[in-house]
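Pasting query_37.csv here (CSV, N, CA and C atoms):
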chain,number,residue,atom,x,y,z
W,1336,MET,N,2.3,-13.0,-17.2
W,1336,MET,CA,1.0,-12.6,-16.7
W,1336,MET,C,1.0,-12.9,-15.2
W,1337,ILE,N,0.5,-12.0,-14.4
W,1337,ILE,CA,0.3,-12.3,-13.0
W,1337,ILE,C,-1.1,-12.2,-12.6
W,1338,SER,N,-1.5,-13.0,-11.5
W,1338,SER,CA,-2.9,-13.0,-11.0
W,1338,SER,C,-2.9,-12.5,-9.6
W,1339,LEU,N,-3.6,-11.5,-9.3
W,1339,LEU,CA,-3.7,-11.0,-7.9
W,1339,LEU,C,-5.0,-11.3,-7.3
W,1340,THR,N,-5.0,-11.8,-6.1
W,1340,THR,CA,-6.2,-12.2,-5.4
W,1340,THR,C,-6.5,-11.1,-4.4
W,1341,LEU,N,-7.7,-10.5,-4.5
W,1341,LEU,CA,-8.2,-9.4,-3.7
W,1341,LEU,C,-8.9,-10.0,-2.4
W,1342,PRO,N,-9.1,-9.2,-1.4
W,1342,PRO,CA,-9.6,-9.6,-0.1
W,1342,PRO,C,-11.0,-10.3,-0.2
W,1343,ASP,N,-11.8,-10.0,-1.2
W,1343,ASP,CA,-13.1,-10.6,-1.4
W,1343,ASP,C,-13.0,-12.0,-2.1
W,1344,GLY,N,-11.7,-12.4,-2.4
W,1344,GLY,CA,-11.5,-13.7,-3.1
W,1344,GLY,C,-11.5,-13.6,-4.6
W,1345,SER,N,-11.9,-12.5,-5.2
W,1345,SER,CA,-11.8,-12.3,-6.6
W,1345,SER,C,-10.4,-12.2,-7.1
W,1346,ARG,N,-10.2,-12.6,-8.4
W,1346,ARG,CA,-8.8,-12.6,-8.9
W,1346,ARG,C,-8.8,-11.6,-10.1
W,1347,ARG,N,-7.7,-10.9,-10.2
W,1347,ARG,CA,-7.5,-9.9,-11.3
W,1347,ARG,C,-6.2,-10.3,-12.0
W,1348,PRO,N,-6.3,-10.6,-13.3
W,1348,PRO,CA,-5.1,-10.8,-14.1
W,1348,PRO,C,-4.5,-9.5,-14.6
W,1349,PHE,N,-3.2,-9.5,-14.7
W,1349,PHE,CA,-2.4,-8.3,-15.2
W,1349,PHE,C,-1.3,-8.8,-16.2
W,1350,GLU,N,-1.2,-8.1,-17.3
W,1350,GLU,CA,-0.2,-8.5,-18.3
W,1350,GLU,C,1.3,-8.3,-17.8
W,1351,ARG,N,1.5,-7.4,-16.9
W,1351,ARG,CA,2.8,-7.0,-16.5
W,1351,ARG,C,2.8,-6.7,-15.0
W,1352,PRO,N,4.0,-6.7,-14.4
W,1352,PRO,CA,4.1,-6.3,-13.0
W,1352,PRO,C,3.5,-4.9,-12.8
W,1353,LEU,N,3.0,-4.6,-11.7
W,1353,LEU,CA,2.5,-3.2,-11.4
W,1353,LEU,C,2.7,-2.8,-10.0
W,1354,THR,N,2.6,-1.6,-9.6
W,1354,THR,CA,2.7,-1.1,-8.3
W,1354,THR,C,1.4,-1.2,-7.5
W,1355,GLY,N,1.4,-1.0,-6.2
W,1355,GLY,CA,0.2,-0.9,-5.4
W,1355,GLY,C,-0.7,0.2,-5.9
W,1356,ALA,N,0.0,1.4,-6.2
W,1356,ALA,CA,-0.8,2.5,-6.7
W,1356,ALA,C,-1.5,2.2,-8.0
W,1357,GLU,N,-0.8,1.5,-8.9
W,1357,GLU,CA,-1.4,1.2,-10.2
W,1357,GLU,C,-2.6,0.2,-10.0
W,1358,LEU,N,-2.4,-0.7,-9.0
W,1358,LEU,CA,-3.5,-1.7,-8.7
W,1358,LEU,C,-4.7,-0.9,-8.2
W,1359,ALA,N,-4.5,0.0,-7.3
W,1359,ALA,CA,-5.6,0.7,-6.7
W,1359,ALA,C,-6.3,1.5,-7.8
W,1360,GLN,N,-5.6,2.1,-8.8
W,1360,GLN,CA,-6.2,2.9,-9.9
W,1360,GLN,C,-6.9,1.9,-10.8
W,1361,ALA,N,-6.4,0.7,-11.0
W,1361,ALA,CA,-7.1,-0.3,-11.9
W,1361,ALA,C,-8.5,-0.7,-11.2
W,1362,ILE,N,-8.5,-0.7,-9.9
W,1362,ILE,CA,-9.8,-1.1,-9.2
W,1362,ILE,C,-10.7,0.1,-9.3
W,1363,GLY,N,-10.3,1.3,-9.1
W,1363,GLY,CA,-11.1,2.5,-9.2
W,1363,GLY,C,-10.4,3.7,-8.7
W,1364,PRO,N,-10.8,4.9,-9.3
W,1364,PRO,CA,-10.2,6.1,-8.9
W,1364,PRO,C,-10.4,6.5,-7.5
W,1365,GLY,N,-11.5,6.2,-6.9
W,1365,GLY,CA,-11.8,6.5,-5.5
W,1365,GLY,C,-10.9,5.8,-4.6
W,1366,LEU,N,-10.7,4.5,-4.9
W,1366,LEU,CA,-9.7,3.7,-4.1
W,1366,LEU,C,-8.3,4.2,-4.2
W,1367,ALA,N,-7.9,4.6,-5.4
W,1367,ALA,CA,-6.6,5.1,-5.7
W,1367,ALA,C,-6.4,6.4,-4.9
W,1368,LYS,N,-7.4,7.2,-4.7
W,1368,LYS,CA,-7.2,8.5,-4.0
W,1368,LYS,C,-7.2,8.2,-2.5
W,1369,ALA,N,-7.9,7.2,-2.0
W,1369,ALA,CA,-7.9,6.8,-0.6
W,1369,ALA,C,-6.8,5.9,-0.1
W,1370,ALA,N,-6.0,5.3,-1.1
W,1370,ALA,CA,-5.0,4.4,-0.7
W,1370,ALA,C,-3.9,5.0,0.1
W,1371,LEU,N,-3.4,4.3,1.1
W,1371,LEU,CA,-2.3,4.7,2.0
W,1371,LEU,C,-1.1,3.7,1.8
W,1372,ALA,N,-1.4,2.4,1.5
W,1372,ALA,CA,-0.3,1.4,1.4
W,1372,ALA,C,-1.0,0.2,0.7
W,1373,VAL,N,-0.2,-0.8,0.5
W,1373,VAL,CA,-0.7,-2.1,0.0
W,1373,VAL,C,-0.1,-3.2,0.8
W,1374,LYS,N,-0.9,-4.2,1.0
W,1374,LYS,CA,-0.4,-5.5,1.7
W,1374,LYS,C,-0.3,-6.5,0.6
W,1375,ILE,N,0.9,-7.1,0.5
W,1375,ILE,CA,1.2,-8.1,-0.5
W,1375,ILE,C,1.6,-9.4,0.3
W,1376,ASP,N,0.7,-10.4,0.2
W,1376,ASP,CA,0.9,-11.6,0.9
W,1376,ASP,C,1.1,-11.3,2.4
W,1377,GLY,N,0.3,-10.4,2.9
W,1377,GLY,CA,0.3,-10.1,4.4
W,1377,GLY,C,1.4,-9.2,4.8
W,1378,ILE,N,2.2,-8.7,3.9
W,1378,ILE,CA,3.3,-7.8,4.3
W,1378,ILE,C,3.0,-6.4,3.8
W,1379,LEU,N,3.0,-5.4,4.8
W,1379,LEU,CA,2.7,-4.0,4.5
W,1379,LEU,C,3.8,-3.4,3.7
W,1380,LYS,N,3.4,-2.8,2.5
W,1380,LYS,CA,4.4,-2.2,1.6
W,1380,LYS,C,3.9,-0.8,1.2
W,1381,ASP,N,4.9,0.0,0.7
W,1381,ASP,CA,4.6,1.3,0.2
W,1381,ASP,C,3.8,1.1,-1.2
W,1382,LEU,N,3.0,2.1,-1.5
W,1382,LEU,CA,2.2,2.0,-2.8
W,1382,LEU,C,3.1,1.9,-4.0
W,1383,SER,N,4.4,2.3,-3.9
W,1383,SER,CA,5.3,2.3,-5.0
W,1383,SER,C,6.0,0.9,-5.2
W,1384,ALA,N,5.7,0.0,-4.2
W,1384,ALA,CA,6.3,-1.3,-4.3
W,1384,ALA,C,5.8,-2.1,-5.5
W,1385,PRO,N,6.7,-2.7,-6.2
W,1385,PRO,CA,6.3,-3.5,-7.4
W,1385,PRO,C,5.7,-4.9,-6.9
W,1386,ILE,N,4.6,-5.3,-7.6
W,1386,ILE,CA,4.0,-6.6,-7.4
W,1386,ILE,C,4.4,-7.4,-8.7
W,1387,GLU,N,5.3,-8.3,-8.6
W,1387,GLU,CA,5.9,-9.0,-9.7
W,1387,GLU,C,5.5,-10.4,-9.9
W,1388,ARG,N,4.7,-10.9,-8.9
W,1388,ARG,CA,4.3,-12.3,-9.0
W,1388,ARG,C,2.9,-12.5,-8.5
W,1389,ASP,N,2.3,-13.7,-8.7
W,1389,ASP,CA,0.9,-13.9,-8.1
W,1389,ASP,C,1.0,-13.7,-6.6
W,1390,ALA,N,-0.1,-13.1,-6.1
W,1390,ALA,CA,-0.1,-12.7,-4.7
W,1390,ALA,C,-1.5,-12.4,-4.2
W,1391,LYS,N,-1.6,-12.5,-2.9
W,1391,LYS,CA,-2.9,-12.0,-2.3
W,1391,LYS,C,-2.6,-10.6,-1.9
W,1392,VAL,N,-3.4,-9.6,-2.3
W,1392,VAL,CA,-3.2,-8.2,-2.1
W,1392,VAL,C,-4.4,-7.6,-1.5
W,1393,ALA,N,-4.1,-6.5,-0.7
W,1393,ALA,CA,-5.2,-5.6,-0.1
W,1393,ALA,C,-4.7,-4.2,-0.2
W,1394,ILE,N,-5.5,-3.3,-0.6
W,1394,ILE,CA,-5.2,-1.9,-0.5
W,1394,ILE,C,-5.6,-1.4,0.8
W,1395,VAL,N,-4.6,-0.7,1.5
W,1395,VAL,CA,-4.9,-0.2,2.8
W,1395,VAL,C,-5.4,1.2,2.7
W,1396,THR,N,-6.6,1.5,3.3
W,1396,THR,CA,-7.1,2.8,3.3
W,1396,THR,C,-7.3,3.2,4.8
W,1397,ARG,N,-7.8,4.3,5.1
W,1397,ARG,CA,-7.9,4.7,6.5
W,1397,ARG,C,-8.9,3.8,7.3
W,1398,GLU,N,-9.8,3.1,6.7
W,1398,GLU,CA,-10.7,2.2,7.3
W,1398,GLU,C,-10.1,0.8,7.6
W,1399,HIS,N,-8.9,0.5,7.0
W,1399,HIS,CA,-8.2,-0.8,7.2
W,1399,HIS,C,-7.7,-0.9,8.6
W,1400,PRO,N,-7.7,-2.1,9.2
W,1400,PRO,CA,-7.2,-2.3,10.6
W,1400,PRO,C,-5.8,-1.9,10.8
W,1401,ASP,N,-4.9,-1.9,9.7
W,1401,ASP,CA,-3.5,-1.5,9.8
W,1401,ASP,C,-3.3,0.0,9.7
W,1402,ALA,N,-4.3,0.7,9.3
W,1402,ALA,CA,-4.1,2.1,9.0
W,1402,ALA,C,-3.6,3.0,10.2
W,1403,LEU,N,-4.1,2.8,11.3
W,1403,LEU,CA,-3.7,3.6,12.5
W,1403,LEU,C,-2.3,3.4,12.8
W,1404,GLU,N,-1.8,2.1,12.8
W,1404,GLU,CA,-0.4,1.9,13.1
W,1404,GLU,C,0.5,2.5,12.0
W,1405,LEU,N,0.1,2.4,10.8
W,1405,LEU,CA,0.8,3.0,9.7
W,1405,LEU,C,0.9,4.5,9.8
W,1406,LEU,N,-0.2,5.1,10.1
W,1406,LEU,CA,-0.2,6.6,10.2
W,1406,LEU,C,0.7,7.0,11.4
W,1407,ARG,N,0.6,6.3,12.5
W,1407,ARG,CA,1.4,6.6,13.7
W,1407,ARG,C,2.9,6.5,13.4
W,1408,HIS,N,3.3,5.5,12.6
W,1408,HIS,CA,4.7,5.2,12.3
W,1408,HIS,C,5.2,6.4,11.4
W,1409,ASP,N,4.3,6.8,10.4
W,1409,ASP,CA,4.7,7.8,9.5
W,1409,ASP,C,4.9,9.2,10.2
W,1410,CYS,N,3.9,9.4,11.2
W,1410,CYS,CA,4.0,10.6,12.0
W,1410,CYS,C,5.3,10.7,12.8
W,1411,ALA,N,5.7,9.5,13.3
W,1411,ALA,CA,6.9,9.5,14.1
W,1411,ALA,C,8.1,9.9,13.3
W,1412,HIS,N,8.1,9.4,12.0
W,1412,HIS,CA,9.2,9.8,11.1
W,1412,HIS,C,9.2,11.3,10.8
W,1413,VAL,N,8.1,11.9,10.6
W,1413,VAL,CA,7.9,13.3,10.3
W,1413,VAL,C,8.4,14.1,11.6
W,1414,LEU,N,8.0,13.7,12.7
W,1414,LEU,CA,8.4,14.4,14.0
W,1414,LEU,C,9.9,14.3,14.2
W,1415,ALA,N,10.5,13.1,13.9
W,1415,ALA,CA,11.9,13.0,14.1
W,1415,ALA,C,12.7,13.9,13.1
W,1416,GLU,N,12.2,14.0,11.9
W,1416,GLU,CA,12.8,14.8,10.9
W,1416,GLU,C,12.7,16.3,11.3
W,1417,ALA,N,11.6,16.7,11.9
W,1417,ALA,CA,11.4,18.1,12.3
W,1417,ALA,C,12.4,18.4,13.5
W,1418,VAL,N,12.5,17.5,14.4
W,1418,VAL,CA,13.4,17.7,15.6
W,1418,VAL,C,14.8,17.8,15.1
W,1419,GLN,N,15.2,16.9,14.2
W,1419,GLN,CA,16.6,17.0,13.6
W,1419,GLN,C,16.8,18.3,12.9
W,1420,GLU,N,15.8,18.9,12.3
W,1420,GLU,CA,16.0,20.1,11.6
W,1420,GLU,C,16.1,21.3,12.6
W,1421,LEU,N,15.4,21.2,13.7
W,1421,LEU,CA,15.5,22.2,14.7
W,1421,LEU,C,16.7,22.1,15.6
W,1422,TYR,N,17.1,20.9,15.9
W,1422,TYR,CA,18.3,20.6,16.7
W,1422,TYR,C,19.3,19.7,16.0
W,1423,PRO,N,20.1,20.2,15.1
W,1423,PRO,CA,21.0,19.4,14.4
W,1423,PRO,C,22.1,18.9,15.3

What does the file become when written as structure tokens?
Amino acid sequence: MISLTLPDGSRRPFERPLTGAELAQAIGPGLAKAALAVKIDGILKDLSAPIERDAKVAIVTREHPDALELLRHDCAHVLAEAVQELYP
């Protein structure tokens, strides 16, 4: 069993490890739809990253302070892929 601490200080117990996407879905379908990433003990991770131990977690949405940096980083990767496709 793992216990996850949310930003508001509340704790959620889970029987098995889960991903950031599964955590967002467990909190609510609206949050799952808005989720961009998950922060696990302060480290930004993809929603598919497994959470296998007790941790402080936060679901990153577009309102989160880290969202703009995350979106810029992702856009840079998409742009680089497009440029490589055009100019191999």

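The space between atom N of W:Val1392 and atom C of W:Arg1407 spans 23.4 Å.
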
Subject >> Straight-line distance linking atom CA of W:Pro1342 with atom CA of W:Asp1409, stated in Å to one decimal >> reply: 24.5 Å

Original post:
Got a sec: who's within 6.5 Å of W:Ala1372, counting all atoms listed in the file, leaving out chain neighbours fewer than 5 positions off, as a ChimeraX atom specification?
Top reply: /W:1355,1380-1382,1393-1396

Pull N, CA and C atoms from the residues just selected and write them as a short mmCIF file (atom, residue, chain, number, x, y, z; two decimals), in the frame of the given file.
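Contents of out12.cif, as written:
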data_model
loop_
_atom_site.label_atom_id
_atom_site.label_comp_id
_atom_site.auth_asym_id
_atom_site.auth_seq_id
_atom_site.Cartn_x
_atom_site.Cartn_y
_atom_site.Cartn_z
N GLY W 1355 1.40 -1.00 -6.20
CA GLY W 1355 0.20 -0.90 -5.40
C GLY W 1355 -0.70 0.20 -5.90
N LYS W 1380 3.40 -2.80 2.50
CA LYS W 1380 4.40 -2.20 1.60
C LYS W 1380 3.90 -0.80 1.20
N ASP W 1381 4.90 0.00 0.70
CA ASP W 1381 4.60 1.30 0.20
C ASP W 1381 3.80 1.10 -1.20
N LEU W 1382 3.00 2.10 -1.50
CA LEU W 1382 2.20 2.00 -2.80
C LEU W 1382 3.10 1.90 -4.00
N ALA W 1393 -4.10 -6.50 -0.70
CA ALA W 1393 -5.20 -5.60 -0.10
C ALA W 1393 -4.70 -4.20 -0.20
N ILE W 1394 -5.50 -3.30 -0.60
CA ILE W 1394 -5.20 -1.90 -0.50
C ILE W 1394 -5.60 -1.40 0.80
N VAL W 1395 -4.60 -0.70 1.50
CA VAL W 1395 -4.90 -0.20 2.80
C VAL W 1395 -5.40 1.20 2.70
N THR W 1396 -6.60 1.50 3.30
CA THR W 1396 -7.10 2.80 3.30
C THR W 1396 -7.30 3.20 4.80
#

Specify the axis-aligned box that encloses all atoms of stretch 1344-1348 of chain W listed in the file after padding of 5 Å on each side, stating its centre and edge lengths in Å to one decimal as JSON.
{"center_x": -8.2, "center_y": -11.6, "center_z": -8.5, "size_x": 17.4, "size_y": 14.2, "size_z": 22.2}

Subject >> All helix (DSSP H, G or I) residues (DSSP, backbone) inside chain W, as a PyMOL selection string >> reply: chain W and resi 1355-1362+1364-1369+1402-1421

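Coordinates place atom C of W:Lys1368 at a distance of 22.3 Å from atom C of W:Gly1344.
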
**OP:** Using all atoms listed in the file, pick whichever of W:Leu1379, W:Ala1369, W:Ala1390, W:Ala1356 has the shortest atom-to-atom distance to W:Ser1338.
**Re:**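 Looking at the shortest contact to W:Ser1338, the residue is W:Ala1390.
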
**OP:** Please check which residues have atoms at most 7 Å from (6.2, -5.9, -14.9) in the file's coordinates, counting only N, CA and C atoms, and write them as a PyMOL selection string.
**Re:** chain W and resi 1350-1353+1386-1387

Subject >> Residue list (strand (DSSP E), DSSP) for stretch 1340-1419 of chain W, as JSON, numbers by chain >> reply: {"W": [1340, 1346, 1347, 1348, 1349, 1353, 1354, 1372, 1373, 1374, 1375, 1378, 1379, 1380, 1385, 1386, 1390, 1391, 1392, 1393, 1394, 1395]}

Original post:
Pick from W:Val1373, W:Met1336, W:Leu1403, W:Ile1362: nearest to W:Lys1391, with only C-alpha atoms counted?
Top reply: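 Nearest candidate to W:Lys1391 out of W:Val1373, W:Met1336, W:Leu1403, W:Ile1362: W:Val1373.
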